[in-house]
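Colleague: Right, I'll just put the structure down here and ask away after.
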Amino acid sequence: KSIVPRLLAIIIGDSPEQQSYVRIKRRIAEELGVEFVLWQLPEIPTPVIFTELLKLKIAEVTPHGVLIQQPLPP
């Protein structure tokens, strides 16, 4: 049916470990034919604001899956 799976990966903050893990996930997604969309938030939003931002991003990107990269900032 010509559907290309799309994965939305989210990074909160700017941890080198997160960046490394996401690069690996991007490479694997590309090898599998999965479209990979990275969304990086430089600051930690409140849970309510994050939920609203996430709803907007999902409506914009229409992913088939969402991954929030850990470790999360404190």
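Letters A, B, ... mark the chains of the structure tokens in the order given; residue numbers begin at 1 per chain; ligand numbers begin at 1, in order shown.
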Using only C-alpha atoms, determine which residues lie at most 10 Å from segment 13-16 of chain A, disregarding the query and same-chain residues fewer than 4 positions distant; provide the list as a ChimeraX atom specification.

Modeller: /A:20-22,40-44,70-73

Colleague: Write out as a compact mmCIF listing (two decimals) with N, CA, C and O atoms, in the first residue's frame all residues of chain A that DSSP puts in helix (DSSP H, G or I) for this structure's backbone.

Modeller:
```txt
# COMPACT_ATOMS: atom_id res chain seq x y z
N PRO A 16 25.18 14.58 25.14
CA PRO A 16 25.93 13.85 24.11
C PRO A 16 25.49 12.39 24.02
O PRO A 16 25.49 11.82 22.93
N GLU A 17 25.12 11.80 25.15
CA GLU A 17 24.67 10.40 25.13
C GLU A 17 23.38 10.27 24.32
O GLU A 17 23.24 9.35 23.53
N GLN A 18 22.46 11.20 24.54
CA GLN A 18 21.20 11.17 23.78
C GLN A 18 21.49 11.30 22.28
O GLN A 18 20.91 10.58 21.47
N GLN A 19 22.35 12.24 21.93
CA GLN A 19 22.70 12.45 20.52
C GLN A 19 23.26 11.18 19.90
O GLN A 19 22.91 10.81 18.77
N SER A 20 24.12 10.49 20.63
CA SER A 20 24.72 9.26 20.13
C SER A 20 23.67 8.17 19.91
O SER A 20 23.64 7.52 18.86
N TYR A 21 22.80 7.98 20.90
CA TYR A 21 21.75 6.96 20.77
C TYR A 21 20.82 7.27 19.60
O TYR A 21 20.42 6.37 18.87
N VAL A 22 20.50 8.53 19.44
CA VAL A 22 19.58 8.91 18.36
C VAL A 22 20.24 8.71 16.99
O VAL A 22 19.58 8.30 16.04
N ARG A 23 21.53 8.98 16.88
CA ARG A 23 22.22 8.72 15.60
C ARG A 23 22.13 7.24 15.23
O ARG A 23 21.91 6.89 14.07
N ILE A 24 22.31 6.37 16.22
CA ILE A 24 22.21 4.93 15.97
C ILE A 24 20.79 4.58 15.52
O ILE A 24 20.60 3.83 14.55
N LYS A 25 19.80 5.12 16.20
CA LYS A 25 18.40 4.83 15.84
C LYS A 25 18.06 5.36 14.46
O LYS A 25 17.35 4.72 13.70
N ARG A 26 18.60 6.54 14.12
CA ARG A 26 18.37 7.09 12.78
C ARG A 26 18.97 6.16 11.71
O ARG A 26 18.32 5.86 10.70
N ARG A 27 20.17 5.70 11.94
CA ARG A 27 20.83 4.82 10.97
C ARG A 27 20.03 3.53 10.78
O ARG A 27 19.80 3.09 9.65
N ILE A 28 19.59 2.93 11.88
CA ILE A 28 18.81 1.70 11.79
C ILE A 28 17.48 1.95 11.09
O ILE A 28 17.06 1.14 10.25
N ALA A 29 16.83 3.06 11.40
CA ALA A 29 15.56 3.39 10.74
C ALA A 29 15.77 3.52 9.23
O ALA A 29 14.97 2.98 8.45
N GLU A 30 16.83 4.20 8.83
CA GLU A 30 17.11 4.35 7.39
C GLU A 30 17.36 3.00 6.74
O GLU A 30 16.90 2.75 5.63
N GLU A 31 18.08 2.12 7.44
CA GLU A 31 18.34 0.77 6.89
C GLU A 31 17.04 -0.02 6.71
O GLU A 31 16.93 -0.82 5.79
N LEU A 32 16.07 0.23 7.59
CA LEU A 32 14.79 -0.49 7.53
C LEU A 32 13.76 0.20 6.64
O LEU A 32 12.65 -0.32 6.47
N PRO A 47 5.13 19.37 32.28
CA PRO A 47 4.38 18.26 31.68
C PRO A 47 3.17 18.72 30.86
O PRO A 47 2.89 18.17 29.80
N VAL A 48 2.46 19.73 31.33
CA VAL A 48 1.27 20.21 30.61
C VAL A 48 1.68 20.82 29.27
O VAL A 48 1.09 20.52 28.23
N ILE A 49 2.71 21.65 29.29
CA ILE A 49 3.18 22.28 28.05
C ILE A 49 3.74 21.21 27.10
O ILE A 49 3.46 21.23 25.90
N PHE A 50 4.49 20.25 27.64
CA PHE A 50 5.04 19.19 26.80
C PHE A 50 3.92 18.41 26.12
O PHE A 50 4.00 18.10 24.93
N THR A 51 2.86 18.09 26.87
CA THR A 51 1.74 17.35 26.29
C THR A 51 1.10 18.13 25.14
O THR A 51 0.80 17.56 24.09
N GLU A 52 0.91 19.42 25.33
CA GLU A 52 0.31 20.23 24.27
C GLU A 52 1.24 20.33 23.05
O GLU A 52 0.79 20.22 21.91
N LEU A 53 2.53 20.55 23.30
CA LEU A 53 3.50 20.60 22.20
C LEU A 53 3.54 19.27 21.45
O LEU A 53 3.62 19.24 20.22
N LEU A 54 3.50 18.18 22.20
CA LEU A 54 3.54 16.85 21.58
C LEU A 54 2.31 16.62 20.70
O LEU A 54 2.43 16.10 19.59
N LYS A 55 1.15 17.02 21.17
CA LYS A 55 -0.07 16.89 20.36
C LYS A 55 0.08 17.65 19.04
O LYS A 55 -0.29 17.14 17.97
N LEU A 56 0.60 18.86 19.11
CA LEU A 56 0.80 19.66 17.90
C LEU A 56 1.82 19.01 16.96
O LEU A 56 1.62 18.97 15.74
N LYS A 57 2.91 18.51 17.53
CA LYS A 57 3.96 17.88 16.70
C LYS A 57 3.43 16.62 16.04
O LYS A 57 3.71 16.36 14.87
N ILE A 58 2.66 15.82 16.77
CA ILE A 58 2.10 14.60 16.19
C ILE A 58 1.14 14.94 15.06
O ILE A 58 1.14 14.29 14.01
N ALA A 59 0.34 15.98 15.23
CA ALA A 59 -0.58 16.40 14.16
C ALA A 59 0.20 16.87 12.94
O ALA A 59 -0.22 16.64 11.80
N GLU A 60 1.35 17.51 13.17
CA GLU A 60 2.17 18.01 12.06
C GLU A 60 2.90 16.89 11.33
O GLU A 60 2.92 16.85 10.10
N VAL A 61 3.47 15.97 12.07
CA VAL A 61 4.34 14.94 11.49
C VAL A 61 3.58 13.66 11.13
O VAL A 61 3.99 12.93 10.24
```

Colleague: Quote the spacing between atom CA of Ser2 of chain A and atom CA of Leu38 of chain A in Å to one decimal place.

Modeller: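 Computing the Euclidean distance for atom CA of Ser2 of chain A and atom CA of Leu38 of chain A yields 22.3 Å.
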
Colleague: Measure the distance from atom CA of Val66 of chain A to atom CA of Val34 of chain A in Å and round it to one decimal.

Modeller: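 Rounded to one decimal, the two atoms are 12.5 Å apart.
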
Colleague: Can you list, as a PyMOL selection string, every protein, DNA or RNA residue that comes within 7 Å of Leu7 of chain A when you count only C-alpha atoms, leaving out same-chain residues fewer than 6 positions away?

Modeller: chain A and resi 34-37+63-66

Colleague: If you keep N, CA, C and O atoms, can you produce a file of those selected residues as a PDB file, in the first residue's frame?

Modeller:
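again01.pdb written:
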```
ATOM      1  N   VAL A  34      12.447   3.211   7.293  1.00  0.00           N
ATOM      2  CA  VAL A  34      11.555   3.984   8.155  1.00  0.00           C
ATOM      3  C   VAL A  34      11.967   5.450   8.091  1.00  0.00           C
ATOM      4  O   VAL A  34      13.143   5.776   8.240  1.00  0.00           O
ATOM      5  N   GLU A  35      11.005   6.324   7.850  1.00  0.00           N
ATOM      6  CA  GLU A  35      11.294   7.753   7.857  1.00  0.00           C
ATOM      7  C   GLU A  35      11.523   8.182   9.304  1.00  0.00           C
ATOM      8  O   GLU A  35      10.746   7.859  10.193  1.00  0.00           O
ATOM      9  N   PHE A  36      12.596   8.891   9.540  1.00  0.00           N
ATOM     10  CA  PHE A  36      12.997   9.274  10.895  1.00  0.00           C
ATOM     11  C   PHE A  36      12.910  10.780  11.030  1.00  0.00           C
ATOM     12  O   PHE A  36      13.514  11.521  10.271  1.00  0.00           O
ATOM     13  N   VAL A  37      12.126  11.245  12.010  1.00  0.00           N
ATOM     14  CA  VAL A  37      11.955  12.671  12.261  1.00  0.00           C
ATOM     15  C   VAL A  37      12.460  12.951  13.674  1.00  0.00           C
ATOM     16  O   VAL A  37      11.999  12.324  14.628  1.00  0.00           O
ATOM     17  N   PRO A  63       3.252  10.694  12.830  1.00  0.00           N
ATOM     18  CA  PRO A  63       4.117   9.517  12.924  1.00  0.00           C
ATOM     19  C   PRO A  63       3.331   8.246  13.212  1.00  0.00           C
ATOM     20  O   PRO A  63       2.197   8.298  13.687  1.00  0.00           O
ATOM     21  N   HIS A  64       3.964   7.106  12.922  1.00  0.00           N
ATOM     22  CA  HIS A  64       3.388   5.813  13.281  1.00  0.00           C
ATOM     23  C   HIS A  64       3.878   5.388  14.664  1.00  0.00           C
ATOM     24  O   HIS A  64       3.311   4.475  15.258  1.00  0.00           O
ATOM     25  N   GLY A  65       4.940   6.021  15.137  1.00  0.00           N
ATOM     26  CA  GLY A  65       5.483   5.735  16.456  1.00  0.00           C
ATOM     27  C   GLY A  65       6.206   6.948  17.005  1.00  0.00           C
ATOM     28  O   GLY A  65       6.704   7.777  16.249  1.00  0.00           O
ATOM     29  N   VAL A  66       6.248   7.041  18.335  1.00  0.00           N
ATOM     30  CA  VAL A  66       6.925   8.152  19.007  1.00  0.00           C
ATOM     31  C   VAL A  66       7.897   7.562  20.019  1.00  0.00           C
ATOM     32  O   VAL A  66       7.532   6.664  20.779  1.00  0.00           O
TER      33      VAL A  66
END
```

Colleague: Considering only strand (DSSP E) as DSSP defines it on the backbone, what residues of chain A qualify? List them as number ranges by chain.

Modeller: A: 6-12, 35-41, 65-68

Colleague: Could you write out the selected residues, including N, CA, C and O atoms, as a CSV table (one decimal), in the first residue's frame?

Modeller:
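Final output, again_18.csv:
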```csv
chain,number,residue,atom,x,y,z
A,6,ARG,N,6.8,6.1,9.8
A,6,ARG,CA,7.5,7.3,10.2
A,6,ARG,C,7.6,7.2,11.7
A,6,ARG,O,6.7,7.0,12.5
A,7,LEU,N,8.9,7.5,12.2
A,7,LEU,CA,9.2,7.5,13.6
A,7,LEU,C,9.5,8.9,14.1
A,7,LEU,O,10.4,9.5,13.4
A,8,LEU,N,8.9,9.4,15.1
A,8,LEU,CA,9.2,10.7,15.7
A,8,LEU,C,10.0,10.4,16.9
A,8,LEU,O,9.6,9.8,17.9
A,9,ALA,N,11.3,10.9,16.9
A,9,ALA,CA,12.2,10.7,18.1
A,9,ALA,C,12.3,12.1,18.7
A,9,ALA,O,12.5,13.1,18.0
A,10,ILE,N,12.2,12.1,20.0
A,10,ILE,CA,12.2,13.4,20.8
A,10,ILE,C,13.4,13.4,21.7
A,10,ILE,O,13.6,12.4,22.5
A,11,ILE,N,14.2,14.5,21.7
A,11,ILE,CA,15.3,14.7,22.7
A,11,ILE,C,14.9,15.9,23.5
A,11,ILE,O,14.6,16.9,22.9
A,12,ILE,N,15.0,15.8,24.8
A,12,ILE,CA,14.8,17.0,25.6
A,12,ILE,C,16.2,17.3,26.3
A,12,ILE,O,16.8,16.5,26.9
A,35,GLU,N,11.0,6.3,7.8
A,35,GLU,CA,11.3,7.8,7.9
A,35,GLU,C,11.5,8.2,9.3
A,35,GLU,O,10.7,7.9,10.2
A,36,PHE,N,12.6,8.9,9.5
A,36,PHE,CA,13.0,9.3,10.9
A,36,PHE,C,12.9,10.8,11.0
A,36,PHE,O,13.5,11.5,10.3
A,37,VAL,N,12.1,11.2,12.0
A,37,VAL,CA,12.0,12.7,12.3
A,37,VAL,C,12.5,13.0,13.7
A,37,VAL,O,12.0,12.3,14.6
A,38,LEU,N,13.4,13.9,13.8
A,38,LEU,CA,14.0,14.2,15.1
A,38,LEU,C,13.4,15.6,15.5
A,38,LEU,O,13.4,16.5,14.8
A,39,TRP,N,12.9,15.6,16.8
A,39,TRP,CA,12.4,16.8,17.4
A,39,TRP,C,13.2,17.1,18.6
A,39,TRP,O,13.1,16.3,19.6
A,40,GLN,N,14.0,18.1,18.7
A,40,GLN,CA,14.8,18.4,19.9
A,40,GLN,C,14.3,19.7,20.6
A,40,GLN,O,14.1,20.7,20.0
A,41,LEU,N,14.0,19.5,21.9
A,41,LEU,CA,13.6,20.6,22.7
A,41,LEU,C,14.8,21.0,23.5
A,41,LEU,O,15.3,20.2,24.3
A,65,GLY,N,4.9,6.0,15.1
A,65,GLY,CA,5.5,5.7,16.5
A,65,GLY,C,6.2,6.9,17.0
A,65,GLY,O,6.7,7.8,16.2
A,66,VAL,N,6.2,7.0,18.3
A,66,VAL,CA,6.9,8.2,19.0
A,66,VAL,C,7.9,7.6,20.0
A,66,VAL,O,7.5,6.7,20.8
A,67,LEU,N,9.1,8.1,20.0
A,67,LEU,CA,10.1,7.6,20.9
A,67,LEU,C,10.7,8.8,21.7
A,67,LEU,O,11.1,9.8,21.1
A,68,ILE,N,10.6,8.8,23.0
A,68,ILE,CA,11.2,9.9,23.8
A,68,ILE,C,12.5,9.3,24.3
A,68,ILE,O,12.6,8.4,25.1
```
